[in-house]
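Here the structure is laid out as structure tokens; the discussion comes afterwards.
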Amino acid sequence: MVNIRDLDPSASPLDYYGSELRRLREAAGLKQGQLGDIVFCTGSLIGQVETARKVPTRDFSERIDAALGTGGTFSRLVGLVLRSQLPHWFQPYAEMEARAAYISTYQAQLVYGLLQAEAYARAVLATGLPDNLDELVAARMERQRILRREHPPMIWVVLDEAALYRPIGGLEVMRNQLAHLLSFREERWVRIQVLPFSAGEHASLIGSFTTMRFDDDPDLVYSEDLISGHMTANPETVKEAALRYAHLQAAALSVEDSAALIIRVMEERYGHQPGPDQRAVA
């Protein structure tokens, strides 16, 4: 058992969260088990969080805030904690993603991370054989909170048709993932186009990439290789990415036809019959 008194609150967001939880719990005159009873978990879990051996969830944090009357302290901290669980090379991208006003992305193999359903995300992340799969899934779901902000970024996704047919996680997971994509049809700030196989050769055969625009900062282009990700604000790279993305959008199906294709794949490949409210419109 780690001695909480030996933790350095400045060592990481998780250490700071744990030290603050212990400090405020003790200030409230509660033992770990007593606080656990209030927030519907075990005292052991409280102890694991306090000793930075367990990563807290957003639900846990909200219940702690309510129990201790902390005015949202832990609900604010948990975002930093979960982001710190992302790979180090990815954290700068996640920080910029959260600030972006407009995100345009082409995805050649997978559904874009911000549009992934939880079970699909878990199957994708499990391919890396991580020791902290639960934490990585929680961190990915946390990233998606930007879609629920009062002023979310505009997101335009060009998704290769291959991503619809690759059965990540199995048939049920894929069926739910495609339904999740269709759920964005009513969202003003999200648009999805599918680049069909019939497009043949196209402007980004080299792979996926993402461009981010900001209110007060230069545009960024992000791409990944086998090991890590790369961001650049080089004007020539940004210009080239914009040109290629324009060609991808032109070659892709319309938003309406893309939704129709997603529904058709659900029916034919994953055995889903859309209900009467599942129209093939954006």
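Labels used: A, B, ... for chains in the order of the structure tokens, numbers from 1 for residues in each chain, and numbers from 1 for ligands as shown.
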Quiz item: When DSSP works through the backbone of this structure, what residues of segment 51-273 of chain A end up as alpha helix (DSSP H), shown as a VMD selection string?
Solution: chain A and resid 58 to 68 73 to 83 91 to 97 118 to 126 133 to 143 162 to 165 171 to 182 235 to 251 255 to 270
What are the closest atom pairs, with distances in Å to one decimal, for each residue of segment 230-253 of chain A lying within 8 Å of segment 188-211 of chain A, using only C-alpha atoms, rows by chain and rising residue number, as CSV?
```
residue,atom,partner,partner_atom,distance
A:Val238,CA,A:Thr211,CA,7.7
A:Ala241,CA,A:Thr211,CA,7.4
A:Ala242,CA,A:Thr211,CA,7.9
A:Arg244,CA,A:Ala203,CA,5.4
A:Tyr245,CA,A:Ala203,CA,7.6
A:His247,CA,A:Ala203,CA,6.3
A:Leu248,CA,A:Ala203,CA,6.2
A:Gln249,CA,A:Gln193,CA,7.4
A:Ala251,CA,A:Ala199,CA,6.3
A:Ala252,CA,A:Leu195,CA,4.1
A:Leu253,CA,A:Val194,CA,5.6
```
Restricting it to all heavy atoms, dump the selection as an mmCIF file, in the first residue's frame.
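Contents of the output file result04.cif:
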```cif
data_model
loop_
_atom_site.group_PDB
_atom_site.id
_atom_site.type_symbol
_atom_site.label_atom_id
_atom_site.label_comp_id
_atom_site.auth_asym_id
_atom_site.auth_seq_id
_atom_site.Cartn_x
_atom_site.Cartn_y
_atom_site.Cartn_z
ATOM 1 N N VAL A 238 -0.094 23.186 -44.185
ATOM 2 C CA VAL A 238 -1.503 23.518 -43.959
ATOM 3 C C VAL A 238 -2.222 23.749 -45.292
ATOM 4 O O VAL A 238 -3.346 23.280 -45.508
ATOM 5 C CB VAL A 238 -1.623 24.761 -43.051
ATOM 6 C CG1 VAL A 238 -3.056 25.259 -43.001
ATOM 7 C CG2 VAL A 238 -1.120 24.432 -41.641
ATOM 8 N N ALA A 241 -2.692 20.401 -47.062
ATOM 9 C CA ALA A 241 -3.754 19.626 -46.411
ATOM 10 C C ALA A 241 -5.127 20.158 -46.800
ATOM 11 O O ALA A 241 -6.063 19.377 -47.045
ATOM 12 C CB ALA A 241 -3.575 19.662 -44.893
ATOM 13 N N ALA A 242 -5.271 21.480 -46.856
ATOM 14 C CA ALA A 242 -6.554 22.079 -47.235
ATOM 15 C C ALA A 242 -6.930 21.705 -48.665
ATOM 16 O O ALA A 242 -8.105 21.409 -48.955
ATOM 17 C CB ALA A 242 -6.485 23.594 -47.082
ATOM 18 N N ARG A 244 -5.911 19.003 -50.375
ATOM 19 C CA ARG A 244 -6.261 17.581 -50.420
ATOM 20 C C ARG A 244 -7.627 17.327 -49.801
ATOM 21 O O ARG A 244 -8.405 16.495 -50.300
ATOM 22 C CB ARG A 244 -5.182 16.752 -49.707
ATOM 23 C CG ARG A 244 -3.884 16.666 -50.488
ATOM 24 C CD ARG A 244 -2.800 15.908 -49.723
ATOM 25 N NE ARG A 244 -1.573 15.861 -50.491
ATOM 26 C CZ ARG A 244 -1.149 14.793 -51.180
ATOM 27 N NH1 ARG A 244 -1.879 13.695 -51.199
ATOM 28 N NH2 ARG A 244 -0.019 14.826 -51.857
ATOM 29 N N TYR A 245 -7.932 18.044 -48.725
ATOM 30 C CA TYR A 245 -9.235 17.828 -48.080
ATOM 31 C C TYR A 245 -10.373 18.290 -48.983
ATOM 32 O O TYR A 245 -11.426 17.644 -49.043
ATOM 33 C CB TYR A 245 -9.294 18.555 -46.735
ATOM 34 C CG TYR A 245 -10.384 17.997 -45.851
ATOM 35 C CD1 TYR A 245 -10.203 16.782 -45.195
ATOM 36 C CD2 TYR A 245 -11.601 18.648 -45.687
ATOM 37 C CE1 TYR A 245 -11.192 16.238 -44.408
ATOM 38 C CE2 TYR A 245 -12.604 18.109 -44.899
ATOM 39 C CZ TYR A 245 -12.388 16.902 -44.260
ATOM 40 O OH TYR A 245 -13.384 16.357 -43.496
ATOM 41 N N HIS A 247 -10.405 18.153 -52.195
ATOM 42 C CA HIS A 247 -10.583 17.092 -53.188
ATOM 43 C C HIS A 247 -11.312 15.886 -52.586
ATOM 44 O O HIS A 247 -12.153 15.256 -53.254
ATOM 45 C CB HIS A 247 -9.231 16.667 -53.751
ATOM 46 C CG HIS A 247 -8.678 17.600 -54.779
ATOM 47 N ND1 HIS A 247 -9.172 17.681 -56.065
ATOM 48 C CD2 HIS A 247 -7.678 18.511 -54.722
ATOM 49 C CE1 HIS A 247 -8.499 18.586 -56.758
ATOM 50 N NE2 HIS A 247 -7.586 19.115 -55.963
ATOM 51 N N LEU A 248 -11.001 15.558 -51.338
ATOM 52 C CA LEU A 248 -11.681 14.447 -50.672
ATOM 53 C C LEU A 248 -13.171 14.732 -50.517
ATOM 54 O O LEU A 248 -14.019 13.865 -50.778
ATOM 55 C CB LEU A 248 -11.052 14.195 -49.300
ATOM 56 C CG LEU A 248 -9.663 13.563 -49.297
ATOM 57 C CD1 LEU A 248 -9.061 13.638 -47.901
ATOM 58 C CD2 LEU A 248 -9.729 12.113 -49.769
ATOM 59 N N GLN A 249 -13.503 15.943 -50.100
ATOM 60 C CA GLN A 249 -14.907 16.310 -49.950
ATOM 61 C C GLN A 249 -15.640 16.243 -51.276
ATOM 62 O O GLN A 249 -16.793 15.802 -51.344
ATOM 63 C CB GLN A 249 -15.014 17.722 -49.365
ATOM 64 C CG GLN A 249 -14.671 17.805 -47.889
ATOM 65 C CD GLN A 249 -14.866 19.209 -47.349
ATOM 66 O OE1 GLN A 249 -14.191 20.147 -47.782
ATOM 67 N NE2 GLN A 249 -15.797 19.361 -46.421
ATOM 68 N N ALA A 251 -14.932 14.316 -53.793
ATOM 69 C CA ALA A 251 -15.053 12.932 -54.237
ATOM 70 C C ALA A 251 -16.004 12.118 -53.371
ATOM 71 O O ALA A 251 -16.501 11.063 -53.800
ATOM 72 C CB ALA A 251 -13.670 12.267 -54.235
ATOM 73 N N ALA A 252 -16.268 12.584 -52.166
ATOM 74 C CA ALA A 252 -17.124 11.846 -51.225
ATOM 75 C C ALA A 252 -18.592 11.997 -51.579
ATOM 76 O O ALA A 252 -19.002 12.912 -52.306
ATOM 77 C CB ALA A 252 -16.875 12.344 -49.803
ATOM 78 N N LEU A 253 -19.398 11.091 -51.043
ATOM 79 C CA LEU A 253 -20.847 11.199 -51.179
ATOM 80 C C LEU A 253 -21.341 12.417 -50.413
ATOM 81 O O LEU A 253 -20.698 12.883 -49.467
ATOM 82 C CB LEU A 253 -21.520 9.941 -50.621
ATOM 83 C CG LEU A 253 -21.160 8.608 -51.282
ATOM 84 C CD1 LEU A 253 -21.817 7.466 -50.511
ATOM 85 C CD2 LEU A 253 -21.563 8.585 -52.743
#
```
Identify, on the basis of only C-alpha atoms, every residue whose closest approach to Leu125 of chain A does not exceed 12 Å; exclude the query and any residue fewer than 2 positions from it along the same chain; express the result as a compact mmCIF listing (two decimals) with all heavy atoms, in the first residue's frame.
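Listed below is the output, part-v1.txt:
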```txt
# COMPACT_ATOMS: atom_id res chain seq x y z
N LEU A 86 -3.74 9.74 -21.32
CA LEU A 86 -3.46 9.57 -22.74
C LEU A 86 -1.96 9.39 -22.96
O LEU A 86 -1.15 9.85 -22.14
CB LEU A 86 -3.94 10.80 -23.52
CG LEU A 86 -5.45 11.06 -23.52
CD1 LEU A 86 -5.73 12.45 -24.07
CD2 LEU A 86 -6.17 10.00 -24.35
N PRO A 87 -1.56 8.75 -24.05
CA PRO A 87 -0.12 8.67 -24.34
C PRO A 87 0.50 10.06 -24.36
O PRO A 87 -0.13 11.02 -24.81
CB PRO A 87 -0.09 8.03 -25.73
CG PRO A 87 -1.38 7.27 -25.83
CD PRO A 87 -2.39 8.06 -25.05
N LEU A 110 -10.65 3.88 -39.55
CA LEU A 110 -11.48 3.83 -38.35
C LEU A 110 -12.41 5.02 -38.27
O LEU A 110 -12.16 6.06 -38.90
CB LEU A 110 -10.59 3.83 -37.09
CG LEU A 110 -9.55 2.72 -36.96
CD1 LEU A 110 -8.61 3.04 -35.81
CD2 LEU A 110 -10.23 1.38 -36.73
N GLY A 113 -12.14 9.47 -33.61
CA GLY A 113 -12.21 9.27 -32.16
C GLY A 113 -13.34 10.01 -31.47
O GLY A 113 -13.98 9.48 -30.56
N GLN A 116 -16.62 8.05 -31.82
CA GLN A 116 -16.64 6.63 -31.48
C GLN A 116 -17.57 6.35 -30.30
O GLN A 116 -17.54 7.06 -29.30
CB GLN A 116 -15.23 6.15 -31.13
CG GLN A 116 -14.29 6.08 -32.31
CD GLN A 116 -12.90 5.61 -31.95
OE1 GLN A 116 -12.64 5.24 -30.78
NE2 GLN A 116 -12.00 5.60 -32.91
N GLU A 118 -18.60 3.96 -27.09
CA GLU A 118 -17.66 3.47 -26.08
C GLU A 118 -17.16 2.06 -26.38
O GLU A 118 -15.97 1.77 -26.25
CB GLU A 118 -18.30 3.52 -24.70
CG GLU A 118 -17.35 3.11 -23.59
CD GLU A 118 -17.88 3.39 -22.19
OE1 GLU A 118 -18.86 4.15 -22.07
OE2 GLU A 118 -17.31 2.85 -21.23
N ALA A 119 -18.07 1.14 -26.78
CA ALA A 119 -17.64 -0.23 -27.03
C ALA A 119 -16.70 -0.31 -28.22
O ALA A 119 -15.75 -1.10 -28.23
CB ALA A 119 -18.86 -1.12 -27.27
N TYR A 120 -16.94 0.51 -29.24
CA TYR A 120 -16.05 0.57 -30.41
C TYR A 120 -14.69 1.10 -29.99
O TYR A 120 -13.65 0.56 -30.37
CB TYR A 120 -16.70 1.45 -31.47
CG TYR A 120 -15.93 1.58 -32.76
CD1 TYR A 120 -16.23 0.76 -33.85
CD2 TYR A 120 -14.93 2.54 -32.92
CE1 TYR A 120 -15.54 0.89 -35.06
CE2 TYR A 120 -14.23 2.68 -34.12
CZ TYR A 120 -14.55 1.85 -35.18
OH TYR A 120 -13.86 1.98 -36.37
N ALA A 121 -14.68 2.17 -29.20
CA ALA A 121 -13.42 2.74 -28.73
C ALA A 121 -12.64 1.72 -27.92
O ALA A 121 -11.41 1.60 -28.05
CB ALA A 121 -13.70 3.99 -27.88
N ARG A 122 -13.32 0.95 -27.09
CA ARG A 122 -12.64 -0.06 -26.28
C ARG A 122 -11.98 -1.10 -27.17
O ARG A 122 -10.84 -1.52 -26.93
CB ARG A 122 -13.64 -0.72 -25.32
CG ARG A 122 -13.03 -1.81 -24.44
CD ARG A 122 -14.04 -2.31 -23.42
NE ARG A 122 -14.34 -1.26 -22.46
CZ ARG A 122 -13.62 -1.00 -21.37
NH1 ARG A 122 -12.54 -1.74 -21.10
NH2 ARG A 122 -13.97 -0.04 -20.55
N ALA A 123 -12.69 -1.54 -28.22
CA ALA A 123 -12.13 -2.54 -29.12
C ALA A 123 -10.91 -1.99 -29.87
O ALA A 123 -9.92 -2.69 -30.06
CB ALA A 123 -13.20 -3.01 -30.10
N THR A 127 -6.41 -3.05 -29.12
CA THR A 127 -5.45 -3.61 -30.08
C THR A 127 -4.01 -3.27 -29.71
O THR A 127 -3.08 -3.97 -30.13
CB THR A 127 -5.73 -3.11 -31.51
OG1 THR A 127 -5.59 -1.68 -31.56
CG2 THR A 127 -7.14 -3.49 -31.94
N GLY A 128 -3.81 -2.22 -28.93
CA GLY A 128 -2.47 -1.86 -28.48
C GLY A 128 -2.02 -2.61 -27.25
O GLY A 128 -0.92 -2.36 -26.75
N LEU A 129 -2.86 -3.51 -26.73
CA LEU A 129 -2.56 -4.32 -25.55
C LEU A 129 -2.11 -3.47 -24.37
O LEU A 129 -1.10 -3.77 -23.71
CB LEU A 129 -1.48 -5.37 -25.87
CG LEU A 129 -1.79 -6.32 -27.05
CD1 LEU A 129 -0.61 -7.25 -27.29
CD2 LEU A 129 -3.07 -7.10 -26.80
N PRO A 130 -2.84 -2.40 -24.04
CA PRO A 130 -2.42 -1.53 -22.93
C PRO A 130 -2.73 -2.14 -21.58
O PRO A 130 -3.64 -2.97 -21.44
CB PRO A 130 -3.26 -0.27 -23.16
CG PRO A 130 -4.53 -0.80 -23.77
CD PRO A 130 -4.10 -1.94 -24.66
N ASP A 131 -1.97 -1.72 -20.59
CA ASP A 131 -2.24 -2.15 -19.21
C ASP A 131 -3.37 -1.33 -18.59
O ASP A 131 -3.96 -1.75 -17.59
CB ASP A 131 -0.98 -2.00 -18.35
CG ASP A 131 0.14 -2.94 -18.80
OD1 ASP A 131 -0.18 -4.06 -19.25
OD2 ASP A 131 1.31 -2.55 -18.70
N ASN A 132 -3.65 -0.16 -19.14
CA ASN A 132 -4.64 0.75 -18.56
C ASN A 132 -5.80 0.99 -19.52
O ASN A 132 -6.17 2.12 -19.79
CB ASN A 132 -3.98 2.08 -18.20
CG ASN A 132 -3.36 2.77 -19.42
OD1 ASN A 132 -2.98 2.12 -20.39
ND2 ASN A 132 -3.24 4.09 -19.36
N LEU A 133 -6.38 -0.10 -20.04
CA LEU A 133 -7.43 0.02 -21.05
C LEU A 133 -8.61 0.82 -20.54
O LEU A 133 -9.14 1.70 -21.25
CB LEU A 133 -7.89 -1.37 -21.50
CG LEU A 133 -9.01 -1.39 -22.55
CD1 LEU A 133 -8.60 -0.65 -23.81
CD2 LEU A 133 -9.40 -2.84 -22.87
N ASP A 134 -9.07 0.56 -19.32
CA ASP A 134 -10.23 1.28 -18.78
C ASP A 134 -9.96 2.79 -18.74
O ASP A 134 -10.84 3.59 -19.07
CB ASP A 134 -10.57 0.79 -17.38
CG ASP A 134 -11.18 -0.61 -17.38
OD1 ASP A 134 -11.62 -1.06 -18.46
OD2 ASP A 134 -11.20 -1.24 -16.31
N GLU A 135 -8.75 3.14 -18.34
CA GLU A 135 -8.41 4.56 -18.25
C GLU A 135 -8.34 5.21 -19.63
O GLU A 135 -8.77 6.35 -19.83
CB GLU A 135 -7.07 4.73 -17.53
CG GLU A 135 -7.13 4.46 -16.03
CD GLU A 135 -7.13 2.99 -15.68
OE1 GLU A 135 -6.94 2.16 -16.61
OE2 GLU A 135 -7.30 2.64 -14.50
N LEU A 136 -7.81 4.48 -20.62
CA LEU A 136 -7.74 5.02 -21.97
C LEU A 136 -9.13 5.22 -22.57
O LEU A 136 -9.39 6.21 -23.25
CB LEU A 136 -6.92 4.08 -22.87
CG LEU A 136 -5.42 4.04 -22.61
CD1 LEU A 136 -4.76 2.97 -23.48
CD2 LEU A 136 -4.79 5.40 -22.86
N VAL A 137 -10.03 4.28 -22.30
CA VAL A 137 -11.40 4.42 -22.79
C VAL A 137 -12.07 5.62 -22.12
O VAL A 137 -12.73 6.43 -22.79
CB VAL A 137 -12.22 3.13 -22.52
CG1 VAL A 137 -13.69 3.35 -22.87
CG2 VAL A 137 -11.65 1.97 -23.32
N ALA A 138 -11.88 5.75 -20.82
CA ALA A 138 -12.46 6.90 -20.11
C ALA A 138 -11.91 8.21 -20.65
O ALA A 138 -12.64 9.20 -20.79
CB ALA A 138 -12.18 6.78 -18.61
N ALA A 139 -10.62 8.24 -20.96
CA ALA A 139 -10.00 9.45 -21.50
C ALA A 139 -10.58 9.78 -22.87
O ALA A 139 -10.80 10.95 -23.20
CB ALA A 139 -8.49 9.27 -21.59
N ARG A 140 -10.82 8.77 -23.70
CA ARG A 140 -11.40 9.04 -25.02
C ARG A 140 -12.83 9.56 -24.89
O ARG A 140 -13.24 10.48 -25.60
CB ARG A 140 -11.38 7.77 -25.88
CG ARG A 140 -11.99 7.99 -27.27
CD ARG A 140 -11.43 7.04 -28.29
NE ARG A 140 -9.99 7.22 -28.47
CZ ARG A 140 -9.28 6.56 -29.38
NH1 ARG A 140 -9.85 5.69 -30.19
NH2 ARG A 140 -7.98 6.76 -29.48
N ILE A 168 -14.91 -3.93 -36.36
CA ILE A 168 -14.21 -3.69 -35.10
C ILE A 168 -15.11 -4.09 -33.92
O ILE A 168 -16.21 -3.59 -33.78
CB ILE A 168 -13.84 -2.20 -34.96
CG1 ILE A 168 -12.97 -1.74 -36.13
CG2 ILE A 168 -13.16 -1.93 -33.62
CD1 ILE A 168 -11.61 -2.37 -36.19
N GLY A 169 -14.64 -5.00 -33.10
CA GLY A 169 -15.39 -5.40 -31.91
C GLY A 169 -16.51 -6.38 -32.16
O GLY A 169 -17.18 -6.80 -31.21
```
Which residue, A:Leu21, A:Val49, A:Leu68, A:Ala108, has the smallest gap to Glu224 of chain A when you use only C-alpha atoms?
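Result for the nearest residue to Glu224 of chain A: A:Ala108.
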In Å and to one decimal, atom CA of Arg213 of chain A is distant from atom CA of Lys239 of chain A by 12.4 Å
Subject >> Interatomic distance, atom CA of Ala260 of chain A to atom CA of Leu182 of chain A (Å, one decimal) >> reply: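 If I compute the distance from atom CA of Ala260 of chain A to atom CA of Leu182 of chain A, I get 9.4 Å.
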Selected residue of minimal separation from Phe60 of chain A among A:Gly36, A:Ala101, A:Glu267, A:Gln109, counting only C-alpha atoms:
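Distance minimum relative to Phe60 of chain A lands on A:Gly36.
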Computed gap from atom CA of Pro92 of chain A to atom CA of Thr232 of chain A is 11.6 Å
*Would you return as a ChimeraX atom specification the members of segment 53-134 of chain A that DSSP assigns to strand (DSSP E or B) on this structure's backbone?*
/A:102-107
How about saving the chosen residues, N, CA and C atoms kept, as an mmCIF file, in the first residue's frame?
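Just written: part04.cif:
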```
data_model
loop_
_atom_site.group_PDB
_atom_site.id
_atom_site.type_symbol
_atom_site.label_atom_id
_atom_site.label_comp_id
_atom_site.auth_asym_id
_atom_site.auth_seq_id
_atom_site.Cartn_x
_atom_site.Cartn_y
_atom_site.Cartn_z
ATOM 1 N N TYR A 102 -12.821 24.702 -35.434
ATOM 2 C CA TYR A 102 -13.236 23.911 -36.593
ATOM 3 C C TYR A 102 -12.263 22.760 -36.752
ATOM 4 N N ILE A 103 -12.793 21.540 -36.876
ATOM 5 C CA ILE A 103 -11.984 20.345 -37.058
ATOM 6 C C ILE A 103 -12.449 19.642 -38.321
ATOM 7 N N SER A 104 -11.531 19.427 -39.238
ATOM 8 C CA SER A 104 -11.845 18.635 -40.427
ATOM 9 C C SER A 104 -10.902 17.453 -40.464
ATOM 10 N N THR A 105 -11.422 16.264 -40.733
ATOM 11 C CA THR A 105 -10.589 15.076 -40.658
ATOM 12 C C THR A 105 -10.968 14.084 -41.739
ATOM 13 N N TYR A 106 -9.966 13.419 -42.285
ATOM 14 C CA TYR A 106 -10.176 12.268 -43.154
ATOM 15 C C TYR A 106 -9.680 11.039 -42.412
ATOM 16 N N GLN A 107 -10.525 10.021 -42.326
ATOM 17 C CA GLN A 107 -10.177 8.802 -41.610
ATOM 18 C C GLN A 107 -10.261 7.616 -42.567
#
```
Of A:Ala163, A:Ala94, A:Ala259, A:Ala126, the one nearest to Leu114 of chain A when counting only C-alpha atoms is A:Ala94
Item checked: Nearest candidate to Val173 of chain A (options A:Gly72, A:Gly79, A:Gly47, A:Gly271; using only C-alpha atoms) ->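 So, comparing all the options, the nearest one is A:Gly271.
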Between A:Asp225, A:Glu161, A:Ile262, A:Asp59, smallest distance to Asn176 of chain A by only C-alpha atoms belongs to A:Ile262
**Prompt:** Which is closer to Pro153 of chain A than all the others in A:Ala98, A:Arg166, A:Thr57, A:Glu186, using only C-alpha atoms?
**Reply:**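 Closest residue, counting only C-alpha atoms: A:Ala98.
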Note to self: Set the distance at 10 Å and use only C-alpha atoms: which residues neighbour Asp8 of chain A once local chain neighbours fewer than 5 positions away are removed? I'd like the list as a list in words.
What the structure shows: Asp15, Tyr16, Gly18 and Ser19 of chain A
| field | Selection near Tyr270 of chain A, 6 Å with only C-alpha atoms, sequence-local residues under 3 positions removed, as a list in words | value | Leu171, Arg175, Met266 and Glu267 of chain A
For the selection you just gave me, I'd like the residues written to a file as a PDB file, in the first residue's frame, keeping N, CA and C atoms.
```
ATOM      1  N   LEU A 171     -20.047  -7.796 -34.659  1.00  0.00           N
ATOM      2  CA  LEU A 171     -21.209  -7.287 -35.378  1.00  0.00           C
ATOM      3  C   LEU A 171     -22.062  -6.332 -34.538  1.00  0.00           C
ATOM      4  N   ARG A 175     -22.775  -2.473 -35.337  1.00  0.00           N
ATOM      5  CA  ARG A 175     -24.150  -2.010 -35.539  1.00  0.00           C
ATOM      6  C   ARG A 175     -24.438  -0.788 -34.668  1.00  0.00           C
ATOM      7  N   MET A 266     -25.620  -1.079 -42.385  1.00  0.00           N
ATOM      8  CA  MET A 266     -26.198  -1.632 -41.153  1.00  0.00           C
ATOM      9  C   MET A 266     -27.159  -2.768 -41.473  1.00  0.00           C
ATOM     10  N   GLU A 267     -27.980  -2.582 -42.491  1.00  0.00           N
ATOM     11  CA  GLU A 267     -28.963  -3.594 -42.853  1.00  0.00           C
ATOM     12  C   GLU A 267     -28.312  -4.844 -43.438  1.00  0.00           C
TER      13      GLU A 267
END
```
